[in-house]
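Visitor: Got a structure for you, written out below as structure tokens; questions coming shortly.
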Amino acid sequence: PLIGCYLWLDRYEPEPRSLLLLGLGWGAFIATSAAIFLQAFDAFAFGSSDATESVLVAPLTEEAAKGLFILLLLVYRRAELDGILDGIVYAGMVGVGFAFMENILYLSSAYVGKDGQVGGIEGAVTLFVIRGIGSPFAHPFFTAFTGIGIGIAVNARSRALRVGAPIGGFVLAVCAHAAWNGSLLIDGGNGAVLAYLCLMLP
């Protein structure tokens, strides 16, 4: 259904299916692998706390790994990136691929159990409802800011905007991701309700 939403957005000037599939694969395999490696390196080298990992390290590494695909499109396939809508569509496909793989990892972990938590089908189903049904657009939404920034840069006349818009978009992507992750740590997770109403629902 998520892929269908982005194909619907892309219906008037369809992007090459090969690039959309490449974006999906990039999110699922390359971005996920890069984020896992960078987060493991951070844990080994700096020993960041769980809160720091969730609110700072994960948003930075994951948004950088996902956004790199759109940046590479700008450099190597400029003709296929016409503006803001294209940026949103490509970001959406990368985000869907990333979320798909991340959900598999999280659901597997919830089923098996870890850190003294009992696993089982009940925990996995609960997590699926939260991630798969409650907030399926989370990763596509965060990365859309990077896509918008790069989409603005495509048609910008000033050098400042061509450089500043992608950087600004990436910063907003990281901030939105950090706000969502941080809300899960507030008041035993109850802060996520407010973040959901302010970020996910719109």
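Following the order of the structure tokens, chains are lettered A, B, ..., residues in each are numbered from 1, and ligands are numbered from 1.
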Taking the chain letters and numbering used in this document, name the residues of stretch 6-39 of chain A that DSSP puts in helix (DSSP H, G or I), as a list in words.
Guide: Tyr6, Leu7, Trp8, Leu9, Arg17, Ser18, Leu19, Leu20, Leu21, Leu22, Gly23, Leu24, Gly25, Trp26, Gly27, Ala28, Phe29, Ile30, Ala31, Thr32, Ser33, Ala34, Ala35, Ile36, Phe37, Leu38 and Gln39 of chain A
Visitor: Tell me which protein, DNA and RNA residues are within 8 Å of A:Phe29, counting only C-alpha atoms, leaving out same-chain ones fewer than 4 positions away, and put them as a PyMOL selection string.
Guide: chain A and resi 25+33+97-98+101
Visitor: Give me a file of those residues, with all heavy atoms, as a PDB file, in the first residue's frame.
Guide:
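Final output, out-v4.pdb:
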```
ATOM      1  N   GLY A  25      15.447  -0.814  -3.151  1.00  0.00           N
ATOM      2  CA  GLY A  25      16.537  -1.702  -2.769  1.00  0.00           C
ATOM      3  C   GLY A  25      17.616  -0.997  -1.961  1.00  0.00           C
ATOM      4  O   GLY A  25      18.180  -1.561  -1.022  1.00  0.00           O
ATOM      5  N   SER A  33      22.148  -1.437   5.958  1.00  0.00           N
ATOM      6  CA  SER A  33      23.467  -1.981   6.322  1.00  0.00           C
ATOM      7  C   SER A  33      24.404  -0.875   6.788  1.00  0.00           C
ATOM      8  O   SER A  33      25.122  -1.043   7.783  1.00  0.00           O
ATOM      9  CB  SER A  33      24.080  -2.714   5.127  1.00  0.00           C
ATOM     10  OG  SER A  33      23.258  -3.779   4.717  1.00  0.00           O
ATOM     11  N   GLY A  97      11.623   1.074   1.648  1.00  0.00           N
ATOM     12  CA  GLY A  97      12.570  -0.039   1.672  1.00  0.00           C
ATOM     13  C   GLY A  97      13.283  -0.150   3.010  1.00  0.00           C
ATOM     14  O   GLY A  97      13.422  -1.254   3.559  1.00  0.00           O
ATOM     15  N   PHE A  98      13.700   0.993   3.546  1.00  0.00           N
ATOM     16  CA  PHE A  98      14.386   0.997   4.840  1.00  0.00           C
ATOM     17  C   PHE A  98      13.455   0.493   5.942  1.00  0.00           C
ATOM     18  O   PHE A  98      13.842  -0.353   6.760  1.00  0.00           O
ATOM     19  CB  PHE A  98      14.869   2.415   5.161  1.00  0.00           C
ATOM     20  CG  PHE A  98      15.768   2.483   6.367  1.00  0.00           C
ATOM     21  CD1 PHE A  98      17.144   2.457   6.219  1.00  0.00           C
ATOM     22  CD2 PHE A  98      15.234   2.586   7.639  1.00  0.00           C
ATOM     23  CE1 PHE A  98      17.976   2.519   7.335  1.00  0.00           C
ATOM     24  CE2 PHE A  98      16.048   2.643   8.759  1.00  0.00           C
ATOM     25  CZ  PHE A  98      17.428   2.618   8.610  1.00  0.00           C
ATOM     26  N   MET A 101      12.858  -3.368   5.880  1.00  0.00           N
ATOM     27  CA  MET A 101      13.934  -4.172   6.443  1.00  0.00           C
ATOM     28  C   MET A 101      14.062  -3.961   7.949  1.00  0.00           C
ATOM     29  O   MET A 101      14.264  -4.910   8.707  1.00  0.00           O
ATOM     30  CB  MET A 101      15.258  -3.840   5.751  1.00  0.00           C
ATOM     31  CG  MET A 101      16.385  -4.777   6.127  1.00  0.00           C
ATOM     32  SD  MET A 101      16.038  -6.511   5.723  1.00  0.00           S
ATOM     33  CE  MET A 101      16.135  -6.464   3.934  1.00  0.00           C
TER      34      MET A 101
END
```
Visitor: Given only C-alpha atoms as the basis, pick out the residue of A:Ala192, A:Ala144, A:Leu72, A:Leu60 nearest to A:Ala178.
Guide: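 Counting only C-alpha atoms, the residue closest to A:Ala178 is A:Leu60.
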Visitor: At what distance in Å, to one decimal, does atom CA of A:Glu102 lie from atom CA of A:Thr32?
Guide: 7.2 Å
Visitor: Go through A:Ala40, A:Ala99, A:Ala51, A:Ala58 one by one, measure the shortest atom-to-atom distance of each to A:Leu24 using only C-alpha atoms, and give the residue with the smallest value.
Guide: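 The shortest atom-to-atom distance to A:Leu24 comes from A:Ala99.
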Visitor: Near A:Asn155, within 10 Å and counting only C-alpha atoms, which residues show up once chain neighbours fewer than 3 positions away are dropped, as an MDAnalysis selection string?
Guide: chainID A and resid 81:84 150:152 158 161:162
Visitor: Between atom CA of A:Tyr90 and atom CA of A:Leu127, what distance in Å does the model show, to one decimal?
Guide: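 Separation between atom CA of A:Tyr90 and atom CA of A:Leu127: 26.6 Å.
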Visitor: List as a list of chain:residue names the protein and nucleic acid residues near stretch 118-126 of chain A, meaning an atom at most 12 Å away when only C-alpha atoms are counted, but skip any in the same chain fewer than 2 places from it.
Guide: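 That gives A:Asn103, A:Ile104, A:Leu105, A:Tyr106, A:Leu107, A:Ser108, A:Ser109, A:Ala110, A:Tyr111, A:Val112, A:Gly113, A:Lys114, A:Asp115, A:Gly116, A:Phe128, A:Val129, A:Ile130, A:Arg131, A:Gly132, A:Ile133, A:Gly134.
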Visitor: Write the residues you've just listed into a file as a JSON list (two decimals), in the first residue's frame, and include C-alpha atoms for each of them.
Guide:
```
[["chain", "number", "residue", "atom", "x", "y", "z"],
["A", 103, "ASN", "CA", 10.60, -3.84, 10.66],
["A", 104, "ILE", "CA", 11.81, -7.35, 9.89],
["A", 105, "LEU", "CA", 14.75, -6.84, 12.26],
["A", 106, "TYR", "CA", 12.60, -5.35, 15.03],
["A", 107, "LEU", "CA", 9.84, -7.92, 14.71],
["A", 108, "SER", "CA", 12.34, -10.78, 14.74],
["A", 109, "SER", "CA", 13.94, -9.32, 17.86],
["A", 110, "ALA", "CA", 10.55, -8.90, 19.55],
["A", 111, "TYR", "CA", 9.62, -12.49, 18.76],
["A", 112, "VAL", "CA", 12.92, -13.96, 19.96],
["A", 113, "GLY", "CA", 13.23, -11.66, 22.98],
["A", 114, "LYS", "CA", 16.29, -9.79, 24.26],
["A", 115, "ASP", "CA", 17.77, -7.99, 27.27],
["A", 116, "GLY", "CA", 15.69, -9.98, 29.72],
["A", 128, "PHE", "CA", 3.70, -4.78, 14.12],
["A", 129, "VAL", "CA", 0.52, -2.83, 14.95],
["A", 130, "ILE", "CA", 2.58, 0.12, 16.23],
["A", 131, "ARG", "CA", 5.11, 0.21, 13.40],
["A", 132, "GLY", "CA", 3.32, -1.37, 10.46],
["A", 133, "ILE", "CA", -0.18, 0.01, 10.93],
["A", 134, "GLY", "CA", 0.21, 2.97, 13.29]]
```
Visitor: What gap, in Å, lies between atom CA of A:Gly147 and atom CA of A:Leu71?
Guide: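 That distance, rounded to one decimal, is 8.6 Å.
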Visitor: In terms of the shortest atom-to-atom distance over only C-alpha atoms, which of A:Asp50, A:Gly168, A:Gly87, A:Gly95 is closest to A:Asn181?
Guide: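 Using only C-alpha atoms, the shortest distance to A:Asn181 belongs to A:Asp50.
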Visitor: List as a short mmCIF file (atom, residue, chain, number, x, y, z; two decimals) with N, CA and C atoms, in the first residue's frame the protein and nucleic acid residues near A:Phe69, meaning an atom at most 9 Å away when only C-alpha atoms are counted, but skip any in the same chain fewer than 6 places from it.
Guide:
```
data_model
loop_
_atom_site.label_atom_id
_atom_site.label_comp_id
_atom_site.auth_asym_id
_atom_site.auth_seq_id
_atom_site.Cartn_x
_atom_site.Cartn_y
_atom_site.Cartn_z
N GLY A 23 15.76 2.61 -5.68
CA GLY A 23 15.57 3.34 -4.44
C GLY A 23 15.03 2.44 -3.33
N TRP A 26 17.89 0.25 -2.33
CA TRP A 26 18.87 1.03 -1.58
C TRP A 26 18.42 1.16 -0.12
N GLY A 27 17.16 1.50 0.07
CA GLY A 27 16.66 1.65 1.44
C GLY A 27 16.71 0.35 2.21
N ALA A 31 21.19 1.28 2.67
CA ALA A 31 21.00 2.24 3.77
C ALA A 31 20.89 1.53 5.11
N TYR A 90 11.12 9.72 -4.67
CA TYR A 90 12.34 8.92 -4.46
C TYR A 90 12.60 8.71 -2.97
N ALA A 91 12.42 9.76 -2.17
CA ALA A 91 12.60 9.63 -0.73
C ALA A 91 11.63 8.61 -0.16
N VAL A 94 12.82 5.02 -0.96
CA VAL A 94 13.96 4.66 -0.11
C VAL A 94 13.48 4.42 1.32
#
```
Visitor: Here is a test: counting only C-alpha atoms, which residue of A:Phe141, A:Tyr196, A:Tyr6, A:Phe44 is nearest to A:Leu184?
Guide: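 Among the listed residues, the smallest separation from A:Leu184 belongs to A:Tyr196.
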